[in-house]
file upload_34.tsv (TSV, C-alpha atoms)
chain	number	residue	atom	x	y	z
C	1	MET	CA	135.92	82.37	146.73
C	2	VAL	CA	136.23	80.61	143.35
C	3	LEU	CA	134.93	77.32	144.77
C	4	ARG	CA	132.13	79.08	146.65
C	5	THR	CA	131.13	80.92	143.47
C	6	PHE	CA	131.00	77.63	141.55
C	7	ILE	CA	128.81	76.03	144.24
C	8	PHE	CA	126.50	79.03	144.35
C	9	ASN	CA	126.11	79.11	140.57
C	10	VAL	CA	125.26	75.39	140.46
C	11	LEU	CA	122.69	75.78	143.23
C	12	PHE	CA	121.27	78.93	141.64
C	13	TYR	CA	120.61	77.19	138.32
C	14	LEU	CA	119.27	74.05	140.00
C	15	VAL	CA	116.81	76.02	142.13
C	16	THR	CA	115.76	78.20	139.19
C	17	ALA	CA	115.34	75.34	136.74
C	18	GLY	CA	113.59	73.23	139.36
C	19	ALA	CA	111.09	75.97	140.20
C	20	LEU	CA	110.34	76.64	136.54
C	21	ILE	CA	109.91	72.98	135.60
C	22	VAL	CA	108.03	71.80	138.68
C	23	CYS	CA	105.69	74.77	139.01
C	24	SER	CA	105.05	75.61	135.34
C	25	PRO	CA	102.22	73.08	134.86
C	26	VAL	CA	100.11	74.89	137.47
C	27	VAL	CA	100.90	78.47	136.42
C	28	LEU	CA	98.08	78.42	133.90
C	29	PHE	CA	95.59	78.00	136.75
C	30	LEU	CA	97.05	80.63	139.09
C	31	LYS	CA	96.30	84.33	139.41
C	32	PRO	CA	99.16	86.91	139.41
C	33	PRO	CA	99.32	87.20	143.25
C	34	GLN	CA	99.66	83.42	143.54
C	35	ILE	CA	102.34	83.35	140.85
C	36	MET	CA	104.22	86.13	142.63
C	37	SER	CA	104.12	84.17	145.89
C	38	ILE	CA	106.06	81.38	144.13
C	39	VAL	CA	108.47	83.91	142.61
C	40	ARG	CA	108.94	85.45	146.06
C	41	TRP	CA	109.80	82.02	147.51
C	42	TRP	CA	112.35	81.52	144.69
C	43	ALA	CA	113.95	84.95	145.25
C	44	ASN	CA	114.15	84.41	149.01
C	45	THR	CA	115.76	81.02	148.45
C	46	VAL	CA	118.38	82.40	146.05
C	47	MET	CA	119.18	85.30	148.39
C	48	ALA	CA	119.57	82.88	151.31
C	49	LEU	CA	121.98	80.77	149.23
C	50	HIS	CA	123.88	83.91	148.24
C	51	ARG	CA	124.43	84.77	151.90
C	52	ALA	CA	125.12	81.25	153.14
C	53	VAL	CA	127.35	79.93	150.35
C	54	LEU	CA	129.30	83.09	149.50
C	55	GLY	CA	129.33	84.69	152.93
C	56	ILE	CA	128.12	88.00	151.51
C	57	ARG	CA	125.91	90.01	153.84
C	58	HIS	CA	122.80	91.90	152.70
C	59	GLU	CA	121.71	95.12	154.37
C	60	ILE	CA	118.45	96.89	153.53
C	61	ARG	CA	118.03	100.49	154.66
C	62	GLY	CA	115.09	102.85	154.47
C	63	ARG	CA	112.42	100.15	154.70
C	64	GLU	CA	109.99	102.81	155.91
C	65	HIS	CA	110.04	104.26	152.38
C	66	ILE	CA	108.94	101.03	150.66
C	67	PRO	CA	105.53	101.82	149.11
C	68	THR	CA	102.46	99.77	149.99
C	69	THR	CA	100.19	101.27	147.31
C	70	GLY	CA	100.62	102.25	143.66
C	71	ALA	CA	104.04	103.84	143.07
C	72	ILE	CA	107.14	103.75	140.89
C	73	VAL	CA	110.23	102.14	142.40
C	74	ALA	CA	113.27	103.38	140.45
C	75	ALA	CA	116.45	101.49	141.32
C	76	LYS	CA	120.09	101.80	140.45
C	77	HIS	CA	121.10	98.78	138.37
C	78	GLN	CA	124.62	97.41	138.78
C	79	SER	CA	124.11	93.67	139.17
C	80	THR	CA	121.88	90.64	138.82
C	81	TRP	CA	121.47	90.81	142.60
C	82	GLU	CA	118.85	93.58	142.79
C	83	THR	CA	116.59	91.95	140.21
C	84	MET	CA	116.01	89.23	142.80
C	85	ALA	CA	116.52	91.12	146.06
C	86	LEU	CA	113.74	93.61	145.28
C	87	ILE	CA	111.07	90.94	144.79
C	88	PRO	CA	110.53	89.95	148.46
C	89	LEU	CA	110.85	93.55	149.68
C	90	VAL	CA	108.13	95.22	147.61
C	91	PRO	CA	104.51	94.13	148.30
C	92	ASP	CA	103.28	93.58	144.71
C	93	PRO	CA	105.98	94.35	142.13
C	94	VAL	CA	105.47	94.69	138.38
C	95	PHE	CA	108.78	94.79	136.52
C	96	ILE	CA	109.29	96.71	133.31
C	97	LEU	CA	111.59	94.53	131.22
C	98	LYS	CA	112.98	94.11	127.73
C	99	ARG	CA	110.60	92.36	125.32
C	100	GLU	CA	113.34	89.87	124.43
C	101	LEU	CA	113.13	88.39	127.93
C	102	MET	CA	109.57	87.32	127.19
C	103	TRP	CA	110.92	84.94	124.54
C	104	LEU	CA	112.90	82.89	127.07
C	105	PRO	CA	111.46	79.39	127.55
C	106	LEU	CA	109.20	79.13	130.61
C	107	PHE	CA	110.47	82.44	132.07
C	108	GLY	CA	108.58	84.42	129.44
C	109	TRP	CA	105.39	82.50	130.17
C	110	TRP	CA	105.73	83.13	133.90
C	111	ALA	CA	106.40	86.85	133.30
C	112	SER	CA	103.37	87.13	131.04
C	113	ARG	CA	101.07	85.34	133.49
C	114	ALA	CA	102.34	87.57	136.35
C	115	ARG	CA	101.53	90.61	134.16
C	116	MET	CA	105.03	91.98	133.90
C	117	ILE	CA	105.38	94.82	131.37
C	118	PRO	CA	107.58	94.12	128.32
C	119	VAL	CA	108.97	97.04	126.31
C	120	ASP	CA	109.74	96.85	122.60
C	121	ARG	CA	112.44	99.51	122.32
C	122	GLY	CA	112.24	99.43	118.55
C	123	LYS	CA	108.75	100.97	118.60
C	124	GLY	CA	109.85	104.30	120.07
C	125	SER	CA	106.95	106.47	121.24
C	126	GLN	CA	104.44	103.67	120.69
C	127	ALA	CA	106.40	101.47	123.11
C	128	LEU	CA	106.25	104.26	125.70
C	129	ALA	CA	102.48	104.62	125.24
C	130	ASP	CA	101.92	100.86	125.58
C	131	MET	CA	104.13	100.70	128.68
C	132	THR	CA	102.30	103.62	130.28
C	133	GLU	CA	98.86	102.13	129.70
C	134	ARG	CA	99.82	98.80	131.26
C	135	ALA	CA	101.55	100.56	134.15
C	136	ARG	CA	98.47	102.70	134.76
C	137	GLU	CA	96.36	99.55	135.08
C	138	ALA	CA	98.86	98.09	137.55
C	139	VAL	CA	98.97	101.12	139.87
C	140	ARG	CA	95.16	101.20	139.90
C	141	GLY	CA	95.43	97.79	141.51
C	142	ASP	CA	97.96	99.16	144.04
C	143	ARG	CA	100.90	97.36	142.44
C	144	GLN	CA	104.38	98.89	142.39
C	145	ILE	CA	106.06	99.59	139.05
C	146	MET	CA	109.68	98.42	139.19
C	147	ILE	CA	112.00	100.17	136.76
C	148	PHE	CA	115.74	100.51	136.27
C	149	PRO	CA	116.01	104.04	134.84
C	150	GLU	CA	119.32	103.37	133.10
C	151	GLY	CA	117.75	100.50	131.20
C	152	THR	CA	120.59	98.04	131.74
C	153	ARG	CA	123.26	97.15	134.26
C	154	ARG	CA	126.05	99.68	134.68
C	155	GLU	CA	129.45	99.04	136.21
C	156	ALA	CA	129.81	100.22	139.81
C	157	GLY	CA	131.35	103.68	139.58
C	158	ALA	CA	130.37	104.24	135.94
C	159	GLU	CA	128.93	107.56	134.85
C	160	PRO	CA	125.10	107.42	134.95
C	161	ARG	CA	122.94	107.17	131.84
C	162	TYR	CA	119.36	107.74	132.95
C	163	LYS	CA	116.64	107.55	130.31
C	164	ILE	CA	113.61	109.84	130.08
C	165	GLY	CA	111.04	107.01	130.18
C	166	VAL	CA	110.79	106.99	133.98
C	167	ALA	CA	109.98	110.72	133.95
C	168	TYR	CA	107.12	110.23	131.50
C	169	LEU	CA	105.76	107.40	133.64
C	170	TYR	CA	105.92	109.72	136.67
C	171	ARG	CA	104.04	112.42	134.77
C	172	ASP	CA	101.32	110.15	133.41
C	173	LEU	CA	100.75	107.89	136.41
C	174	LYS	CA	100.74	110.73	138.95
C	175	VAL	CA	102.22	108.55	141.69
C	176	PRO	CA	105.39	108.97	143.78
C	177	ILE	CA	108.79	107.70	142.69
C	178	VAL	CA	110.75	105.84	145.36
C	179	PRO	CA	114.48	106.09	144.49
C	180	VAL	CA	116.69	103.12	145.36
C	181	ALA	CA	120.46	103.33	145.74
C	182	LEU	CA	122.86	100.38	146.10
C	183	ASN	CA	126.42	99.13	145.79
C	184	SER	CA	125.74	95.58	144.56
C	185	GLY	CA	128.05	95.93	141.54
C	186	VAL	CA	131.06	95.88	143.85
C	187	PHE	CA	130.19	92.43	145.19
C	188	TRP	CA	128.43	90.80	142.21
C	189	PRO	CA	129.86	92.59	139.16
C	190	ARG	CA	128.05	92.46	135.85
C	191	ARG	CA	129.22	90.15	133.06
C	192	THR	CA	131.31	87.99	135.34
C	193	PRO	CA	130.54	84.96	137.54
C	194	SER	CA	132.91	86.21	140.26
C	195	HIS	CA	131.78	87.54	143.63
C	196	VAL	CA	133.50	89.68	146.26
C	197	LYS	CA	133.08	89.25	150.01
C	198	GLY	CA	131.54	92.11	151.97
C	199	THR	CA	128.16	93.71	152.57
C	200	ILE	CA	125.76	94.64	149.78
C	201	VAL	CA	123.68	97.62	150.83
C	202	MET	CA	120.39	98.62	149.22
C	203	GLU	CA	118.80	101.86	150.41
C	204	PHE	CA	115.24	103.03	149.76
C	205	LEU	CA	115.24	106.84	149.72
C	206	PRO	CA	112.39	109.23	150.56
C	207	PRO	CA	109.78	109.31	147.77
C	208	ILE	CA	109.58	112.06	145.18
C	209	ALA	CA	106.00	113.32	145.37
C	210	PRO	CA	103.97	113.69	142.16
C	211	GLY	CA	103.60	117.12	140.61
C	212	LEU	CA	107.07	118.04	139.37
C	213	GLU	CA	107.83	118.64	135.72
C	214	PRO	CA	109.10	115.40	134.17
C	215	LYS	CA	112.63	116.67	133.50
C	216	ASP	CA	112.87	118.15	137.01
C	217	ALA	CA	111.76	114.81	138.46
C	218	LEU	CA	114.41	112.99	136.41
C	219	VAL	CA	117.13	115.38	137.57
C	220	LYS	CA	116.06	114.96	141.19
C	221	LEU	CA	115.88	111.17	140.86
C	222	GLN	CA	119.34	110.92	139.29
C	223	SER	CA	120.89	113.35	141.76
C	224	GLU	CA	119.54	111.52	144.82
C	225	VAL	CA	120.25	107.98	143.62
C	226	GLU	CA	123.76	108.79	142.43
C	227	ALA	CA	124.70	110.69	145.61
C	228	ALA	CA	123.48	107.82	147.80
C	229	SER	CA	125.10	105.17	145.58
C	230	ASP	CA	128.42	107.08	145.74
C	231	ARG	CA	128.14	107.09	149.53
C	232	LEU	CA	127.53	103.33	149.54
C	233	LEU	CA	130.45	102.80	147.15
C	234	LEU	CA	132.72	104.69	149.56
C	235	GLU	CA	131.40	102.53	152.43
C	236	ALA	CA	132.34	99.41	150.48
C	237	ALA	CA	135.82	100.78	149.77
C	238	ASP	CA	136.33	101.82	153.38
C	239	GLY	CA	135.27	98.32	154.42
C	240	GLY	CA	138.11	96.84	152.39
C	241	ALA	CA	136.14	95.48	149.42
C	242	ALA	CA	138.19	94.71	146.32
C	243	LEU	CA	137.18	97.25	143.66
C	244	ARG	CA	137.25	96.90	139.90
C	245	PRO	CA	139.08	99.69	138.00
C	246	GLU	CA	136.04	101.85	137.27
C	247	ALA	CA	134.81	101.73	140.85
C	248	ALA	CA	138.31	102.40	142.20
C	249	ALA	CA	138.66	105.43	139.93
C	250	ARG	CA	135.30	106.74	141.10
C	251	VAL	CA	136.29	106.35	144.75
C	252	THR	CA	139.52	108.26	144.09
C	253	ARG	CA	137.60	111.13	142.46
C	254	LEU	CA	135.08	111.24	145.31
C	255	ARG	CA	137.83	111.37	147.94
C	256	GLN	CA	139.69	114.07	146.08
C	257	SER	CA	136.51	116.10	145.77
C	258	ALA	CA	135.79	115.74	149.51
C	259	ALA	CA	139.34	116.81	150.36
C	260	ALA	CA	139.28	119.89	148.10
call {"tool": "encode", "arguments": {"input": "upload_34.tsv", "output": "structure tokens"}}
result
Amino acid sequence: MVLRTFIFNVLFYLVTAGALIVCSPVVLFLKPPQIMSIVRWWANTVMALHRAVLGIRHEIRGREHIPTTGAIVAAKHQSTWETMALIPLVPDPVFILKRELMWLPLFGWWASRARMIPVDRGKGSQALADMTERAREAVRGDRQIMIFPEGTRREAGAEPRYKIGVAYLYRDLKVPIVPVALNSGVFWPRRTPSHVKGTIVMEFLPPIAPGLEPKDALVKLQSEVEAASDRLLLEAADGGAALRPEAAARVTRLRQSAAA
């Protein structure tokens, strides 16, 4: 798996750098949907390489819940994998991302031209207001707001740390939230180049309709995503996937709870 990981990483960076360099001269003349079609090609290519080179399978469940109009898609975030895997699945995604990513050469330009939504966390309530206004404009155009409610990648099996921002977006935009559970952190762990053979599962859950109080919506979102992600973590463990310590400890607790 070490050799396969090395080959995949080389191909990943070659494809990414090639797409950025070759296509950047024309980005200035393209509209967001055209830019996203290039990004979708890139994401599909990387996902195909991930399957072919590493032998890791991808399974998408709950496709019937993928929104086709303005909505919030709130995904568990364990790995780099879902940042790419979500792009071809959702019709017209708009990612909410850290402002610092906009400073990356070429990538930041692409993200700006595709009308992604950067967030300056240092601005507090003003950052939330700016994010909401740009998100409102996006859902009016039937785009889907992509957000990772924990704000950053969390180890598979780690205790959740959901932030209130997604609940305020839900309140102000008055659109459904589509929860997304996954187990990608088992097979492409954060902060390491290593990969583990098996099947990554991403599951789109039934939408949470608008109208709840923000805190109630956040509780419901966290409860549903975490329960489904725990189920997928157990599936990975039962399938023989090698687990890192935090994920293994979580599986042990879940099994003990089920047996009690």
call {"tool": "atom_distance", "arguments": {"input": "upload_34.tsv", "atom1": "atom CA of Leu14 of chain C", "atom2": "atom CA of Ala43 of chain C"}}
result
13.2 Å
call {"tool": "residues_around", "arguments": {"input": "upload_34.tsv", "residues": "Pro210 of chain C", "least_positions_apart": "5", "cutoff": "9 Å", "atoms": "all atoms listed in the file", "output": "MDAnalysis selection string"}}
result
chainID C and resid 170:171 173:177 217
call {"tool": "residues_around", "arguments": {"input": "upload_34.tsv", "residues": "Gln222 of chain C", "least_positions_apart": "3", "cutoff": "10 Å", "atoms": "all atoms listed in the file", "output": "compact mmCIF listing (two decimals) with C-alpha atoms, keeping the file's coordinate frame"}}
result
# COMPACT_ATOMS: atom_id res chain seq x y z
CA ALA C 74 113.27 103.38 140.45
CA LYS C 76 120.09 101.80 140.45
CA PRO C 149 116.01 104.04 134.84
CA GLU C 150 119.32 103.37 133.10
CA PRO C 160 125.10 107.42 134.95
CA ARG C 161 122.94 107.17 131.84
CA TYR C 162 119.36 107.74 132.95
CA LYS C 163 116.64 107.55 130.31
CA PRO C 179 114.48 106.09 144.49
CA ASP C 216 112.87 118.15 137.01
CA ALA C 217 111.76 114.81 138.46
CA LEU C 218 114.41 112.99 136.41
CA VAL C 219 117.13 115.38 137.57
CA VAL C 225 120.25 107.98 143.62
CA GLU C 226 123.76 108.79 142.43
CA ALA C 227 124.70 110.69 145.61
CA ALA C 228 123.48 107.82 147.80
call {"tool": "residues_around", "arguments": {"input": "upload_34.tsv", "residues": "Ile56 of chain C", "least_positions_apart": "5", "cutoff": "6 Å", "atoms": "all atoms listed in the file", "output": "JSON, numbers by chain"}}
result
{"C": [51, 197, 198, 199]}
call {"tool": "residues_near_point", "arguments": {"input": "upload_34.tsv", "point": "(119.1, 82.0, 149.6)", "cutoff": "12 Å", "atoms": "only C-alpha atoms", "output": "PyMOL selection string"}}
result
chain C and resi 8-9+11-12+15-16+40-58+81+84-85+88
call {"tool": "atom_distance", "arguments": {"input": "upload_34.tsv", "atom1": "atom CA of Leu212 of chain C", "atom2": "atom CA of Met146 of chain C"}}
result
19.8 Å
call {"tool": "atom_distance", "arguments": {"input": "upload_34.tsv", "atom1": "atom CA of Phe148 of chain C", "atom2": "atom CA of Ala75 of chain C"}}
result
5.2 Å
call {"tool": "residues_near_point", "arguments": {"input": "upload_34.tsv", "point": "(105.4, 100.2, 139.0)", "cutoff": "12 Å", "atoms": "only C-alpha atoms", "output": "ChimeraX atom specification"}}
result
/C:67-75,90-97,115-117,131-148,166,169-170,173-178
call {"tool": "decode", "arguments": {"input": "upload_34.tsv", "residues": "segment 6-115 of chain C", "atoms": "C-alpha atoms", "output": "CSV table (one decimal), in the first residue's frame"}}
result
chain,number,residue,atom,x,y,z
C,6,PHE,CA,3.2,7.2,-3.4
C,7,ILE,CA,1.9,6.7,-7.0
C,8,PHE,CA,-1.5,8.1,-6.1
C,9,ASN,CA,0.0,11.2,-4.5
C,10,VAL,CA,2.3,11.8,-7.5
C,11,LEU,CA,-0.6,11.5,-9.9
C,12,PHE,CA,-2.9,13.6,-7.7
C,13,TYR,CA,-0.4,16.5,-7.6
C,14,LEU,CA,0.3,16.2,-11.3
C,15,VAL,CA,-3.4,16.3,-12.3
C,16,THR,CA,-4.1,19.1,-9.9
C,17,ALA,CA,-1.1,21.3,-10.9
C,18,GLY,CA,-1.8,20.5,-14.6
C,19,ALA,CA,-5.4,21.5,-14.4
C,20,LEU,CA,-4.6,24.8,-12.5
C,21,ILE,CA,-1.8,25.8,-14.9
C,22,VAL,CA,-3.4,24.7,-18.2
C,23,CYS,CA,-6.9,26.1,-17.5
C,24,SER,CA,-6.1,29.2,-15.5
C,25,PRO,CA,-5.6,31.5,-18.5
C,26,VAL,CA,-9.2,30.9,-19.6
C,27,VAL,CA,-10.8,31.2,-16.1
C,28,LEU,CA,-11.1,34.9,-16.4
C,29,PHE,CA,-13.4,34.5,-19.4
C,30,LEU,CA,-15.6,31.7,-17.9
C,31,LYS,CA,-18.8,32.0,-15.8
C,32,PRO,CA,-19.1,30.0,-12.5
C,33,PRO,CA,-21.0,27.1,-14.1
C,34,GLN,CA,-18.3,26.7,-16.7
C,35,ILE,CA,-15.6,26.9,-14.1
C,36,MET,CA,-17.4,24.3,-12.0
C,37,SER,CA,-17.6,21.9,-15.0
C,38,ILE,CA,-13.8,22.0,-15.1
C,39,VAL,CA,-13.6,21.5,-11.3
C,40,ARG,CA,-16.1,18.6,-11.6
C,41,TRP,CA,-13.8,16.9,-14.3
C,42,TRP,CA,-10.8,17.3,-12.0
C,43,ALA,CA,-12.7,15.8,-9.0
C,44,ASN,CA,-14.0,12.9,-11.1
C,45,THR,CA,-10.4,12.2,-12.3
C,46,VAL,CA,-8.9,12.3,-8.8
C,47,MET,CA,-11.7,10.0,-7.5
C,48,ALA,CA,-11.1,7.6,-10.4
C,49,LEU,CA,-7.4,7.5,-9.6
C,50,HIS,CA,-8.1,6.9,-5.9
C,51,ARG,CA,-10.2,3.9,-6.8
C,52,ALA,CA,-7.9,2.5,-9.5
C,53,VAL,CA,-4.5,3.1,-7.9
C,54,LEU,CA,-5.3,2.4,-4.3
C,55,GLY,CA,-8.0,-0.2,-4.8
C,56,ILE,CA,-10.3,1.6,-2.4
C,57,ARG,CA,-14.0,1.4,-3.3
C,58,HIS,CA,-16.5,4.3,-3.0
C,59,GLU,CA,-20.1,3.8,-2.1
C,60,ILE,CA,-22.7,6.6,-2.2
C,61,ARG,CA,-26.0,6.0,-0.4
C,62,GLY,CA,-29.1,8.1,-0.2
C,63,ARG,CA,-28.7,9.7,-3.6
C,64,GLU,CA,-32.4,10.4,-3.6
C,65,HIS,CA,-31.8,13.0,-0.9
C,66,ILE,CA,-29.3,15.0,-2.9
C,67,PRO,CA,-30.9,18.5,-3.4
C,68,THR,CA,-31.5,19.9,-6.8
C,69,THR,CA,-32.5,23.4,-5.7
C,70,GLY,CA,-31.2,25.8,-3.0
C,71,ALA,CA,-30.3,23.9,0.2
C,72,ILE,CA,-27.6,23.5,2.8
C,73,VAL,CA,-25.5,20.3,2.5
C,74,ALA,CA,-23.9,19.7,5.9
C,75,ALA,CA,-21.3,16.9,5.9
C,76,LYS,CA,-19.2,15.1,8.4
C,77,HIS,CA,-15.5,16.0,7.8
C,78,GLN,CA,-12.9,13.4,8.5
C,79,SER,CA,-10.7,13.4,5.4
C,80,THR,CA,-9.5,15.2,2.3
C,81,TRP,CA,-11.7,12.7,0.4
C,82,GLU,CA,-15.1,14.3,0.9
C,83,THR,CA,-13.9,17.7,-0.2
C,84,MET,CA,-13.5,16.2,-3.7
C,85,ALA,CA,-16.1,13.4,-3.7
C,86,LEU,CA,-19.0,15.9,-3.0
C,87,ILE,CA,-18.2,18.0,-6.0
C,88,PRO,CA,-19.5,15.7,-8.8
C,89,LEU,CA,-22.5,14.5,-6.7
C,90,VAL,CA,-24.1,17.9,-5.9
C,91,PRO,CA,-25.6,19.8,-8.9
C,92,ASP,CA,-24.2,23.3,-8.2
C,93,PRO,CA,-22.1,23.4,-5.0
C,94,VAL,CA,-20.8,26.5,-3.3
C,95,PHE,CA,-18.3,25.7,-0.6
C,96,ILE,CA,-17.9,27.7,2.6
C,97,LEU,CA,-14.2,27.7,3.3
C,98,LYS,CA,-11.5,29.4,5.4
C,99,ARG,CA,-10.4,32.8,4.1
C,100,GLU,CA,-6.8,31.6,4.2
C,101,LEU,CA,-7.4,29.2,1.3
C,102,MET,CA,-8.2,32.1,-0.9
C,103,TRP,CA,-4.6,33.2,-0.6
C,104,LEU,CA,-3.3,30.0,-2.2
C,105,PRO,CA,-1.8,30.7,-5.7
C,106,LEU,CA,-4.2,29.9,-8.5
C,107,PHE,CA,-6.6,27.9,-6.2
C,108,GLY,CA,-7.7,31.1,-4.6
C,109,TRP,CA,-8.4,32.8,-7.9
C,110,TRP,CA,-10.4,29.8,-9.1
C,111,ALA,CA,-12.4,29.7,-5.9
C,112,SER,CA,-13.1,33.4,-6.2
C,113,ARG,CA,-14.2,33.2,-9.8
C,114,ALA,CA,-16.5,30.2,-8.9
C,115,ARG,CA,-18.0,32.3,-6.2
